[in-house]
Amino acid sequence: MKSILKTFYIFCTLILLLGCYGKEGLLLNNTKTIVTLDKGEERSDCDTLVFTCIDYRFAFANQEFINKKLGIEGNYDHISIPGSIYNLVDPSTRDIVFSKINKFVNFHLIKRIIIIGHRDCGGYGGSSEFGSEIAEYVYLTTDLKKAKQILIEKYPILEIDLYLETLTKEGVQFEKVK
Ligand SMILES: [Zn+2]
């Protein structure tokens with residue numbers, strides 16, 4: 001009887017161990033993991049602050065665009081807020097956004113701000129709010145330019161770049177807004 005119980009306990013332990021195997025994405029309480037870093041140049045600051053919306057549909061493309069296409073991997077701070085610059089353009093919430101930007105700009109000696117807005121943004125109520133693609137484009141690019149103007153007034157020496165991204169069948173398209 002004892003040996004049956006012993007076998008049963010060993011079996012249960014194995015099941016538990018196997019259950020944990022391969023689930024590193026879900027850390028158990030009191031366990032730790034390390035993500036290794038490609039040690040580049042040691043820095044105490046970074047050049048760029050990037051603004052994006054929180055929208056999950058653009059998250060991966062944003063990282064690829066910023067890291068690979070803009071080539072600033074490891075050299076930027078990243079603020080994601082719902083609606084991207086919606087709350088910066090809105091006078092009633094602008095001060096809250098600025099209080100956060102200020103910290104980054106001063107702490108990391110930021111020289112450039114990149115703003116990436118996107119179509120079909122929940123912060124604006126989605127594409128359907130605008131009635132047409134052109135109306136949405138005009139509205140969003142106007143807001144991006146307003147955000148740039150607001151930032152320039154606050155930080156006249158910073159370079160500010162604007163992008164509008166669109167979800168297409170081929171992937172996420174980025175367009176520079178002048
Ligand atoms: Zn959005």
# chains A, B, ... in the order shown; residues from 1 in each chain; ligands from 1
$ residues_near_ligand --ligand "ligand 1" --cutoff "6 Å" --atoms "only C-alpha atoms and all ligand atoms" --output "list in words"
Cys53, Asp55, Pro82, Gly83, Cys121, Gly122 and Gly123 of chain A
$ select_by_dssp --residues "chain A" --states "helix (DSSP H, G or I)" --output "count of residues only"
79
$ closest_residue --among "A:Ala147, A:Gly131, A:Gly125, A:His118" --to "Leu164 in chain A" --atoms "only C-alpha atoms"
A:His118
$ residues_around --residues "range 85-90 of chain A" --least-positions-apart "4" --cutoff "8 Å" --atoms "only C-alpha atoms" --output "compact mmCIF listing (two decimals) with N, CA and C atoms, in the first residue's frame"
# COMPACT_ATOMS: atom_id res chain seq x y z
N PHE A 51 6.13 59.44 -28.47
CA PHE A 51 4.74 59.46 -28.03
C PHE A 51 3.91 58.54 -28.91
N THR A 52 3.24 57.57 -28.35
CA THR A 52 2.31 56.77 -29.16
C THR A 52 1.03 56.56 -28.37
N CYS A 53 0.03 56.02 -29.07
CA CYS A 53 -1.20 55.59 -28.40
C CYS A 53 -0.93 54.20 -27.78
N ILE A 81 0.02 56.78 -24.30
CA ILE A 81 -1.22 57.17 -23.63
C ILE A 81 -2.39 57.03 -24.59
N ARG A 94 -4.13 69.02 -20.83
CA ARG A 94 -2.77 69.32 -21.31
C ARG A 94 -1.74 69.35 -20.18
N ASP A 95 -2.12 69.98 -19.07
CA ASP A 95 -1.15 70.14 -17.97
C ASP A 95 -0.70 68.80 -17.40
N VAL A 97 -0.41 65.97 -19.05
CA VAL A 97 0.54 65.39 -20.01
C VAL A 97 1.89 66.10 -19.89
N PHE A 98 1.85 67.43 -19.80
CA PHE A 98 3.10 68.20 -19.71
C PHE A 98 3.88 67.85 -18.45
N ILE A 115 6.18 62.11 -32.42
CA ILE A 115 4.79 61.81 -32.10
C ILE A 115 4.22 60.91 -33.21
N GLY A 117 0.74 59.40 -34.27
CA GLY A 117 -0.72 59.27 -34.12
C GLY A 117 -1.20 58.17 -35.04
N GLY A 123 -9.21 56.91 -28.87
CA GLY A 123 -9.19 58.19 -28.17
C GLY A 123 -10.04 59.24 -28.86
N TYR A 124 -10.21 59.07 -30.18
CA TYR A 124 -11.02 59.99 -30.98
C TYR A 124 -12.38 59.39 -31.32
N ASP A 143 -4.42 67.88 -35.70
CA ASP A 143 -4.12 67.70 -34.27
C ASP A 143 -2.63 67.45 -34.05
N LEU A 144 -2.03 66.67 -34.93
CA LEU A 144 -0.58 66.42 -34.80
C LEU A 144 0.19 67.73 -34.91
N LYS A 146 -0.99 70.71 -34.32
CA LYS A 146 -1.29 71.51 -33.12
C LYS A 146 -0.39 71.07 -31.97
N ALA A 147 -0.25 69.74 -31.81
CA ALA A 147 0.59 69.20 -30.74
C ALA A 147 2.03 69.68 -30.92
N ILE A 150 2.27 73.29 -29.85
CA ILE A 150 2.22 73.39 -28.38
C ILE A 150 3.57 73.02 -27.77
$ residues_around --residues "Arg57 in chain A" --least-positions-apart "6" --cutoff "12 Å" --atoms "only C-alpha atoms" --output "list in words"
Gln63, His118, Arg119, Asp120, Cys121, Gly122, Glu165, Thr166, Leu167, Thr168, Gly171 and Val172 of chain A
$ select_by_dssp --residues "range 36-164 of chain A" --states "strand (DSSP E or B)" --output "number ranges by chain"
A: 48-52, 76-80, 112-118, 159-164
$ closest_residue --among "A:Ile110, A:Ala135, A:Ile116, A:Ile101" --to "Ile54 in chain A" --atoms "only C-alpha atoms"
A:Ile116
